[in-house]
Amino acid sequence: MARDTTDQTPVTSVAELTAYLASGSKPKEKFRIGTEHEKFAFFKADNSPVPYFGDASIQALLNGMAERNGWEPIMDEGNVIGLAEPSGNGAISLEPGGQFELSGAPLENLHQTCKESNQHLAVLREIAEPLGIRFLGIGGSPKWSFAETPRMPKSRYAIMTRYMPKVGSKGLDMMYRTCTIQVNLDFSSEEDMRRKMQVSLKLQPLATALFASSPFTEGKPNGLLSWRGDIWRDTDNQRSGLLPTAFKPDFGFSDYMEWALDVPMYFVVRGGHYHDCTHVTFRQFMNGALKGEIAEWQPTMGDWTNHLSTLFPDVRLKRFLEMRGADGGPWRRICALPAFWVGLLYDDEALSAAEELTRDWGYEEVLALRDAVPAKALAAEFRSRSLFDVAREVLTISRNGLKRRNRLNGDGIDESQFLAPLDEVLAKKATLAEDMLSLYHGRWNESVEPVFADYQY
């Protein structure tokens, strides 16, 4: 999320919280695609991480991008911690360890999405090159220890950093040492949200497997293919994971709202200052728990919006749906991840086919698959089938959905072209993580240093 909101509209009932989620419903012709991707900044001279402060720094990158793009700086206690496109279409934000994120504009098709990420990376290179900075597109920090990883001066991250070790063993790794590609997609009604939420939750472990690209930690193989996927198994299980309530046949906006109400908060923002609220749930906040602690203790819609942004289920509901299962990756994968989900969820026939395929998949067996995928990726088994076989079937559904959408570029080519990196994974029977491990044991001579050259943007 680029900017924590300060909408001062008072919240007087939980019905208003549900109505906020429902207000995301829109006609199909207004459906858009919002793609987010993160990357690790490093100095090309020695593959070391880029600090926030200094002449060659994250701060310098943000200031350079602001000058070049004309985007508005987002400030936090006097420090620039992001940039916002003036009309509200897109933003650049920082993850806790300096991971540089583009939150893309809501676009109509995948050709536009690919062009957007290409333009972003081209401008970023222009600013970064004189500073000796490059960017790495994979799912997990391959070299730097937690102690070596920079800290960004962002108030919400200071609160999260104190809180994470209390609720899981891997939350700080999630914050500081992982990168993802995500896509945000729309729904037309509560029923449409339910169908998309259920299909995408069930298939999120498959996305983790297909995009697995985090096999190294602190300079060595970590025994996993998606270290990032494993980290999410014990980050903060009150607010992350598979979301059992969403498997209910009648799951709706109010179910998500009720779940969110009982998740501990991170903060409220008052007068630009972040107050640590990790000791109360949003329900307790609604019931006056912060009275006497902060002057303006009554909940606002801004507080609710911010709280929703601190929940981390595999598919997150706001006024749209966020697909959160994939590792970060090279440029072509920034286009492949939204293509995978748009093909499945934005074509009626494809959504019905995906729904039929996953209809009787239960919570426990999907959870077991989610647990198996970080180590085995597509070699994991589901109902006595290799996940490779399931992937072929799902990719066919997605491809057919993209072809039926028939959104063509200037050369008359449809969006299914963007699935090519996933076709290659299935053809080779190897994920990007397995490709990297082969290189590590071969040409890279058991060193992770070449990953910075081979997988940089």
# chains A, B, ... in the order shown; residues from 1 in each chain; ligands from 1

$ residues_around --residues "Pro150 (chain A)" --least-positions-apart "5" --cutoff "10 Å" --atoms "only C-alpha atoms" --output "list of chain:residue names"
A:Pro49, A:Val50, A:Pro51, A:Tyr52, A:Phe53, A:Ile58, A:Pro96, A:Gly97, A:Gly98, A:Gln99, A:Trp144, A:Tyr176

$ closest_atom_pairs --of "region 335-387 of chain A" --to "region 396-418 of chain A" --cutoff "9 Å" --atoms "only C-alpha atoms" --output "tab-separated table"
residue	atom	partner	partner_atom	distance
A:Cys335	CA	A:Phe418	CA	5.9
A:Ala336	CA	A:Phe418	CA	5.1
A:Leu337	CA	A:Phe418	CA	8.6
A:Pro338	CA	A:Phe418	CA	8.8
A:Ala339	CA	A:Phe418	CA	6.1
A:Phe340	CA	A:Ser398	CA	5.9
A:Trp341	CA	A:Ser398	CA	7.2
A:Val342	CA	A:Leu402	CA	7.2
A:Gly343	CA	A:Ser398	CA	4.1
A:Leu344	CA	A:Ser398	CA	4.6
A:Leu345	CA	A:Gly401	CA	8.2
A:Tyr346	CA	A:Gly401	CA	7.5
A:Asp347	CA	A:Gly401	CA	5.3
A:Asp348	CA	A:Gly401	CA	8.0
A:Glu349	CA	A:Gly401	CA	7.1
A:Ala350	CA	A:Gly401	CA	5.2
A:Leu351	CA	A:Gly401	CA	8.3
A:Ala353	CA	A:Ile397	CA	6.9
A:Ala354	CA	A:Ile397	CA	7.0

$ residues_around --residues "Thr113 (chain A)" --least-positions-apart "2" --cutoff "8 Å" --atoms "only C-alpha atoms" --output "PyMOL selection string"
chain A and resi 33-35+104+107+109-111+115-117+335

$ select_by_dssp --residues "region 268-373 of chain A" --states "helix (DSSP H, G or I)" --output "PyMOL selection string"
chain A and resi 282-286+301-308+331-345+348-358+363-373

$ closest_residue --among "A:Ala45, A:Ile138, A:Leu131, A:Leu419" --to "Phe216 (chain A)" --atoms "only C-alpha atoms"
A:Ile138

$ residues_around --residues "Gly223 (chain A)" --least-positions-apart "4" --cutoff "12 Å" --atoms "only C-alpha atoms" --output "PyMOL selection string"
chain A and resi 214-217+227+230+374-377+433-434+437

$ write_last_selection --atoms "N, CA and C atoms" --output "PDB file, in the first residue's frame"
ATOM      1  N   SER A 214      12.767 -18.416  -4.839  1.00  0.00           N
ATOM      2  CA  SER A 214      13.515 -17.965  -3.657  1.00  0.00           C
ATOM      3  C   SER A 214      14.237 -19.138  -2.987  1.00  0.00           C
ATOM      4  N   PRO A 215      15.221 -19.740  -3.693  1.00  0.00           N
ATOM      5  CA  PRO A 215      15.891 -20.927  -3.154  1.00  0.00           C
ATOM      6  C   PRO A 215      17.147 -20.636  -2.327  1.00  0.00           C
ATOM      7  N   PHE A 216      17.526 -19.349  -2.196  1.00  0.00           N
ATOM      8  CA  PHE A 216      18.771 -19.021  -1.497  1.00  0.00           C
ATOM      9  C   PHE A 216      18.500 -18.102  -0.306  1.00  0.00           C
ATOM     10  N   THR A 217      19.256 -18.304   0.759  1.00  0.00           N
ATOM     11  CA  THR A 217      19.251 -17.408   1.917  1.00  0.00           C
ATOM     12  C   THR A 217      20.672 -17.290   2.430  1.00  0.00           C
ATOM     13  N   TRP A 227      11.179 -20.041  -0.578  1.00  0.00           N
ATOM     14  CA  TRP A 227      11.430 -19.653   0.813  1.00  0.00           C
ATOM     15  C   TRP A 227      10.360 -18.659   1.248  1.00  0.00           C
ATOM     16  N   ASP A 230       7.283 -20.411   2.319  1.00  0.00           N
ATOM     17  CA  ASP A 230       7.446 -21.024   3.635  1.00  0.00           C
ATOM     18  C   ASP A 230       7.357 -19.975   4.741  1.00  0.00           C
ATOM     19  N   PRO A 374       6.192 -24.948  -0.728  1.00  0.00           N
ATOM     20  CA  PRO A 374       7.481 -24.257  -0.607  1.00  0.00           C
ATOM     21  C   PRO A 374       8.686 -25.155  -0.851  1.00  0.00           C
ATOM     22  N   ALA A 375       8.618 -26.396  -0.432  1.00  0.00           N
ATOM     23  CA  ALA A 375       9.745 -27.318  -0.640  1.00  0.00           C
ATOM     24  C   ALA A 375       9.672 -28.041  -1.979  1.00  0.00           C
ATOM     25  N   LYS A 376       8.477 -28.391  -2.422  1.00  0.00           N
ATOM     26  CA  LYS A 376       8.342 -29.258  -3.598  1.00  0.00           C
ATOM     27  C   LYS A 376       7.869 -28.553  -4.855  1.00  0.00           C
ATOM     28  N   ALA A 377       7.291 -27.380  -4.710  1.00  0.00           N
ATOM     29  CA  ALA A 377       6.717 -26.629  -5.847  1.00  0.00           C
ATOM     30  C   ALA A 377       5.820 -27.550  -6.668  1.00  0.00           C
ATOM     31  N   ALA A 433      13.201 -21.334  -9.548  1.00  0.00           N
ATOM     32  CA  ALA A 433      14.056 -21.699  -8.411  1.00  0.00           C
ATOM     33  C   ALA A 433      14.950 -22.885  -8.768  1.00  0.00           C
ATOM     34  N   GLU A 434      14.397 -23.867  -9.459  1.00  0.00           N
ATOM     35  CA  GLU A 434      15.198 -25.035  -9.852  1.00  0.00           C
ATOM     36  C   GLU A 434      16.225 -24.676 -10.915  1.00  0.00           C
ATOM     37  N   LEU A 437      19.059 -23.114  -8.969  1.00  0.00           N
ATOM     38  CA  LEU A 437      19.853 -24.120  -8.254  1.00  0.00           C
ATOM     39  C   LEU A 437      20.769 -24.880  -9.210  1.00  0.00           C
TER      40      LEU A 437
END

$ atom_distance --atom1 "CA of Ala427 (chain A)" --atom2 "CA of Pro450 (chain A)"
24.9 Å

$ decode --residues "region 114-161 of chain A" --atoms "N, CA and C atoms" --output "PDB file, in the first residue's frame"
ATOM      1  N   CYS A 114       1.905  -4.577 -19.216  1.00  0.00           N
ATOM      2  CA  CYS A 114       3.288  -4.882 -19.577  1.00  0.00           C
ATOM      3  C   CYS A 114       4.031  -3.604 -19.973  1.00  0.00           C
ATOM      4  N   LYS A 115       3.355  -2.751 -20.710  1.00  0.00           N
ATOM      5  CA  LYS A 115       3.959  -1.486 -21.122  1.00  0.00           C
ATOM      6  C   LYS A 115       4.269  -0.619 -19.895  1.00  0.00           C
ATOM      7  N   GLU A 116       3.337  -0.605 -18.942  1.00  0.00           N
ATOM      8  CA  GLU A 116       3.519   0.187 -17.727  1.00  0.00           C
ATOM      9  C   GLU A 116       4.762  -0.261 -16.953  1.00  0.00           C
ATOM     10  N   SER A 117       4.904  -1.572 -16.749  1.00  0.00           N
ATOM     11  CA  SER A 117       6.046  -2.058 -15.974  1.00  0.00           C
ATOM     12  C   SER A 117       7.349  -1.813 -16.734  1.00  0.00           C
ATOM     13  N   ASN A 118       7.305  -1.926 -18.057  1.00  0.00           N
ATOM     14  CA  ASN A 118       8.487  -1.680 -18.878  1.00  0.00           C
ATOM     15  C   ASN A 118       8.915  -0.218 -18.765  1.00  0.00           C
ATOM     16  N   GLN A 119       7.950   0.687 -18.851  1.00  0.00           N
ATOM     17  CA  GLN A 119       8.260   2.111 -18.753  1.00  0.00           C
ATOM     18  C   GLN A 119       8.806   2.458 -17.367  1.00  0.00           C
ATOM     19  N   HIS A 120       8.190   1.892 -16.339  1.00  0.00           N
ATOM     20  CA  HIS A 120       8.648   2.123 -14.962  1.00  0.00           C
ATOM     21  C   HIS A 120      10.101   1.696 -14.799  1.00  0.00           C
ATOM     22  N   LEU A 121      10.426   0.495 -15.280  1.00  0.00           N
ATOM     23  CA  LEU A 121      11.784  -0.020 -15.116  1.00  0.00           C
ATOM     24  C   LEU A 121      12.784   0.794 -15.933  1.00  0.00           C
ATOM     25  N   ALA A 122      12.360   1.271 -17.099  1.00  0.00           N
ATOM     26  CA  ALA A 122      13.254   2.084 -17.930  1.00  0.00           C
ATOM     27  C   ALA A 122      13.592   3.404 -17.236  1.00  0.00           C
ATOM     28  N   VAL A 123      12.571   4.066 -16.666  1.00  0.00           N
ATOM     29  CA  VAL A 123      12.808   5.330 -15.964  1.00  0.00           C
ATOM     30  C   VAL A 123      13.650   5.089 -14.714  1.00  0.00           C
ATOM     31  N   LEU A 124      13.339   4.003 -14.001  1.00  0.00           N
ATOM     32  CA  LEU A 124      14.079   3.681 -12.776  1.00  0.00           C
ATOM     33  C   LEU A 124      15.561   3.432 -13.090  1.00  0.00           C
ATOM     34  N   ARG A 125      15.824   2.722 -14.191  1.00  0.00           N
ATOM     35  CA  ARG A 125      17.218   2.478 -14.603  1.00  0.00           C
ATOM     36  C   ARG A 125      17.943   3.789 -14.886  1.00  0.00           C
ATOM     37  N   GLU A 126      17.239   4.708 -15.536  1.00  0.00           N
ATOM     38  CA  GLU A 126      17.801   6.022 -15.874  1.00  0.00           C
ATOM     39  C   GLU A 126      18.256   6.765 -14.621  1.00  0.00           C
ATOM     40  N   ILE A 127      17.447   6.683 -13.565  1.00  0.00           N
ATOM     41  CA  ILE A 127      17.788   7.343 -12.298  1.00  0.00           C
ATOM     42  C   ILE A 127      18.857   6.552 -11.541  1.00  0.00           C
ATOM     43  N   ALA A 128      18.754   5.228 -11.566  1.00  0.00           N
ATOM     44  CA  ALA A 128      19.604   4.374 -10.730  1.00  0.00           C
ATOM     45  C   ALA A 128      21.023   4.209 -11.269  1.00  0.00           C
ATOM     46  N   GLU A 129      21.155   4.203 -12.585  1.00  0.00           N
ATOM     47  CA  GLU A 129      22.458   3.879 -13.193  1.00  0.00           C
ATOM     48  C   GLU A 129      23.571   4.827 -12.749  1.00  0.00           C
ATOM     49  N   PRO A 130      23.348   6.156 -12.757  1.00  0.00           N
ATOM     50  CA  PRO A 130      24.430   7.044 -12.287  1.00  0.00           C
ATOM     51  C   PRO A 130      24.777   6.850 -10.810  1.00  0.00           C
ATOM     52  N   LEU A 131      23.862   6.261 -10.066  1.00  0.00           N
ATOM     53  CA  LEU A 131      24.106   6.003  -8.634  1.00  0.00           C
ATOM     54  C   LEU A 131      24.767   4.652  -8.401  1.00  0.00           C
ATOM     55  N   GLY A 132      24.958   3.890  -9.482  1.00  0.00           N
ATOM     56  CA  GLY A 132      25.558   2.560  -9.360  1.00  0.00           C
ATOM     57  C   GLY A 132      24.601   1.528  -8.797  1.00  0.00           C
ATOM     58  N   ILE A 133      23.292   1.776  -8.951  1.00  0.00           N
ATOM     59  CA  ILE A 133      22.266   0.900  -8.367  1.00  0.00           C
ATOM     60  C   ILE A 133      21.577   0.097  -9.463  1.00  0.00           C
ATOM     61  N   ARG A 134      21.340  -1.162  -9.186  1.00  0.00           N
ATOM     62  CA  ARG A 134      20.532  -2.024 -10.062  1.00  0.00           C
ATOM     63  C   ARG A 134      19.468  -2.718  -9.201  1.00  0.00           C
ATOM     64  N   PHE A 135      18.631  -3.539  -9.852  1.00  0.00           N
ATOM     65  CA  PHE A 135      17.501  -4.173  -9.156  1.00  0.00           C
ATOM     66  C   PHE A 135      17.429  -5.653  -9.491  1.00  0.00           C
ATOM     67  N   LEU A 136      17.130  -6.436  -8.459  1.00  0.00           N
ATOM     68  CA  LEU A 136      17.064  -7.894  -8.591  1.00  0.00           C
ATOM     69  C   LEU A 136      15.612  -8.351  -8.503  1.00  0.00           C
ATOM     70  N   GLY A 137      15.181  -9.153  -9.482  1.00  0.00           N
ATOM     71  CA  GLY A 137      13.803  -9.613  -9.511  1.00  0.00           C
ATOM     72  C   GLY A 137      13.668 -11.091  -9.195  1.00  0.00           C
ATOM     73  N   ILE A 138      13.722 -11.434  -7.904  1.00  0.00           N
ATOM     74  CA  ILE A 138      13.413 -12.795  -7.445  1.00  0.00           C
ATOM     75  C   ILE A 138      12.636 -12.689  -6.129  1.00  0.00           C
ATOM     76  N   GLY A 139      12.219 -13.839  -5.569  1.00  0.00           N
ATOM     77  CA  GLY A 139      11.289 -13.822  -4.447  1.00  0.00           C
ATOM     78  C   GLY A 139      11.880 -13.656  -3.063  1.00  0.00           C
ATOM     79  N   GLY A 140      13.184 -13.942  -2.913  1.00  0.00           N
ATOM     80  CA  GLY A 140      13.791 -13.859  -1.588  1.00  0.00           C
ATOM     81  C   GLY A 140      15.194 -13.288  -1.676  1.00  0.00           C
ATOM     82  N   SER A 141      15.576 -12.518  -0.678  1.00  0.00           N
ATOM     83  CA  SER A 141      16.922 -11.927  -0.626  1.00  0.00           C
ATOM     84  C   SER A 141      17.954 -13.059  -0.584  1.00  0.00           C
ATOM     85  N   PRO A 142      18.828 -13.170  -1.595  1.00  0.00           N
ATOM     86  CA  PRO A 142      19.672 -14.367  -1.692  1.00  0.00           C
ATOM     87  C   PRO A 142      20.945 -14.323  -0.869  1.00  0.00           C
ATOM     88  N   LYS A 143      21.330 -13.134  -0.407  1.00  0.00           N
ATOM     89  CA  LYS A 143      22.680 -12.991   0.159  1.00  0.00           C
ATOM     90  C   LYS A 143      22.710 -12.345   1.534  1.00  0.00           C
ATOM     91  N   TRP A 144      21.968 -11.252   1.710  1.00  0.00           N
ATOM     92  CA  TRP A 144      22.143 -10.425   2.896  1.00  0.00           C
ATOM     93  C   TRP A 144      21.474 -11.036   4.123  1.00  0.00           C
ATOM     94  N   SER A 145      22.187 -10.959   5.243  1.00  0.00           N
ATOM     95  CA  SER A 145      21.589 -11.364   6.521  1.00  0.00           C
ATOM     96  C   SER A 145      20.554 -10.324   6.929  1.00  0.00           C
ATOM     97  N   PHE A 146      19.774 -10.693   7.930  1.00  0.00           N
ATOM     98  CA  PHE A 146      18.786  -9.742   8.448  1.00  0.00           C
ATOM     99  C   PHE A 146      19.490  -8.491   8.956  1.00  0.00           C
ATOM    100  N   ALA A 147      20.633  -8.675   9.638  1.00  0.00           N
ATOM    101  CA  ALA A 147      21.370  -7.536  10.203  1.00  0.00           C
ATOM    102  C   ALA A 147      21.911  -6.625   9.107  1.00  0.00           C
ATOM    103  N   GLU A 148      22.265  -7.192   7.962  1.00  0.00           N
ATOM    104  CA  GLU A 148      22.823  -6.392   6.856  1.00  0.00           C
ATOM    105  C   GLU A 148      21.745  -5.652   6.063  1.00  0.00           C
ATOM    106  N   THR A 149      20.501  -6.060   6.235  1.00  0.00           N
ATOM    107  CA  THR A 149      19.416  -5.496   5.431  1.00  0.00           C
ATOM    108  C   THR A 149      19.037  -4.114   5.962  1.00  0.00           C
ATOM    109  N   PRO A 150      18.911  -3.123   5.089  1.00  0.00           N
ATOM    110  CA  PRO A 150      18.579  -1.763   5.549  1.00  0.00           C
ATOM    111  C   PRO A 150      17.193  -1.685   6.175  1.00  0.00           C
ATOM    112  N   ARG A 151      16.953  -0.578   6.868  1.00  0.00           N
ATOM    113  CA  ARG A 151      15.641  -0.297   7.459  1.00  0.00           C
ATOM    114  C   ARG A 151      15.114   1.003   6.851  1.00  0.00           C
ATOM    115  N   MET A 152      13.879   0.988   6.438  1.00  0.00           N
ATOM    116  CA  MET A 152      13.275   2.194   5.882  1.00  0.00           C
ATOM    117  C   MET A 152      12.582   2.990   6.996  1.00  0.00           C
ATOM    118  N   PRO A 153      12.687   4.321   6.981  1.00  0.00           N
ATOM    119  CA  PRO A 153      12.100   5.152   8.056  1.00  0.00           C
ATOM    120  C   PRO A 153      10.611   5.368   7.849  1.00  0.00           C
ATOM    121  N   LYS A 154       9.845   4.306   7.988  1.00  0.00           N
ATOM    122  CA  LYS A 154       8.407   4.349   7.743  1.00  0.00           C
ATOM    123  C   LYS A 154       7.722   3.927   9.036  1.00  0.00           C
ATOM    124  N   SER A 155       6.864   4.768   9.561  1.00  0.00           N
ATOM    125  CA  SER A 155       6.329   4.577  10.922  1.00  0.00           C
ATOM    126  C   SER A 155       5.597   3.245  11.081  1.00  0.00           C
ATOM    127  N   ARG A 156       4.787   2.854  10.092  1.00  0.00           N
ATOM    128  CA  ARG A 156       4.035   1.605  10.234  1.00  0.00           C
ATOM    129  C   ARG A 156       5.001   0.422  10.357  1.00  0.00           C
ATOM    130  N   TYR A 157       6.187   0.510   9.704  1.00  0.00           N
ATOM    131  CA  TYR A 157       7.130  -0.607   9.729  1.00  0.00           C
ATOM    132  C   TYR A 157       7.826  -0.720  11.084  1.00  0.00           C
ATOM    133  N   ALA A 158       8.028   0.408  11.752  1.00  0.00           N
ATOM    134  CA  ALA A 158       8.611   0.351  13.100  1.00  0.00           C
ATOM    135  C   ALA A 158       7.672  -0.389  14.045  1.00  0.00           C
ATOM    136  N   ILE A 159       6.372  -0.113  13.927  1.00  0.00           N
ATOM    137  CA  ILE A 159       5.374  -0.795  14.753  1.00  0.00           C
ATOM    138  C   ILE A 159       5.344  -2.292  14.420  1.00  0.00           C
ATOM    139  N   MET A 160       5.332  -2.621  13.122  1.00  0.00           N
ATOM    140  CA  MET A 160       5.293  -4.025  12.697  1.00  0.00           C
ATOM    141  C   MET A 160       6.549  -4.776  13.149  1.00  0.00           C
ATOM    142  N   THR A 161       7.704  -4.107  13.100  1.00  0.00           N
ATOM    143  CA  THR A 161       8.971  -4.753  13.462  1.00  0.00           C
ATOM    144  C   THR A 161       8.973  -5.137  14.934  1.00  0.00           C
TER     145      THR A 161
END
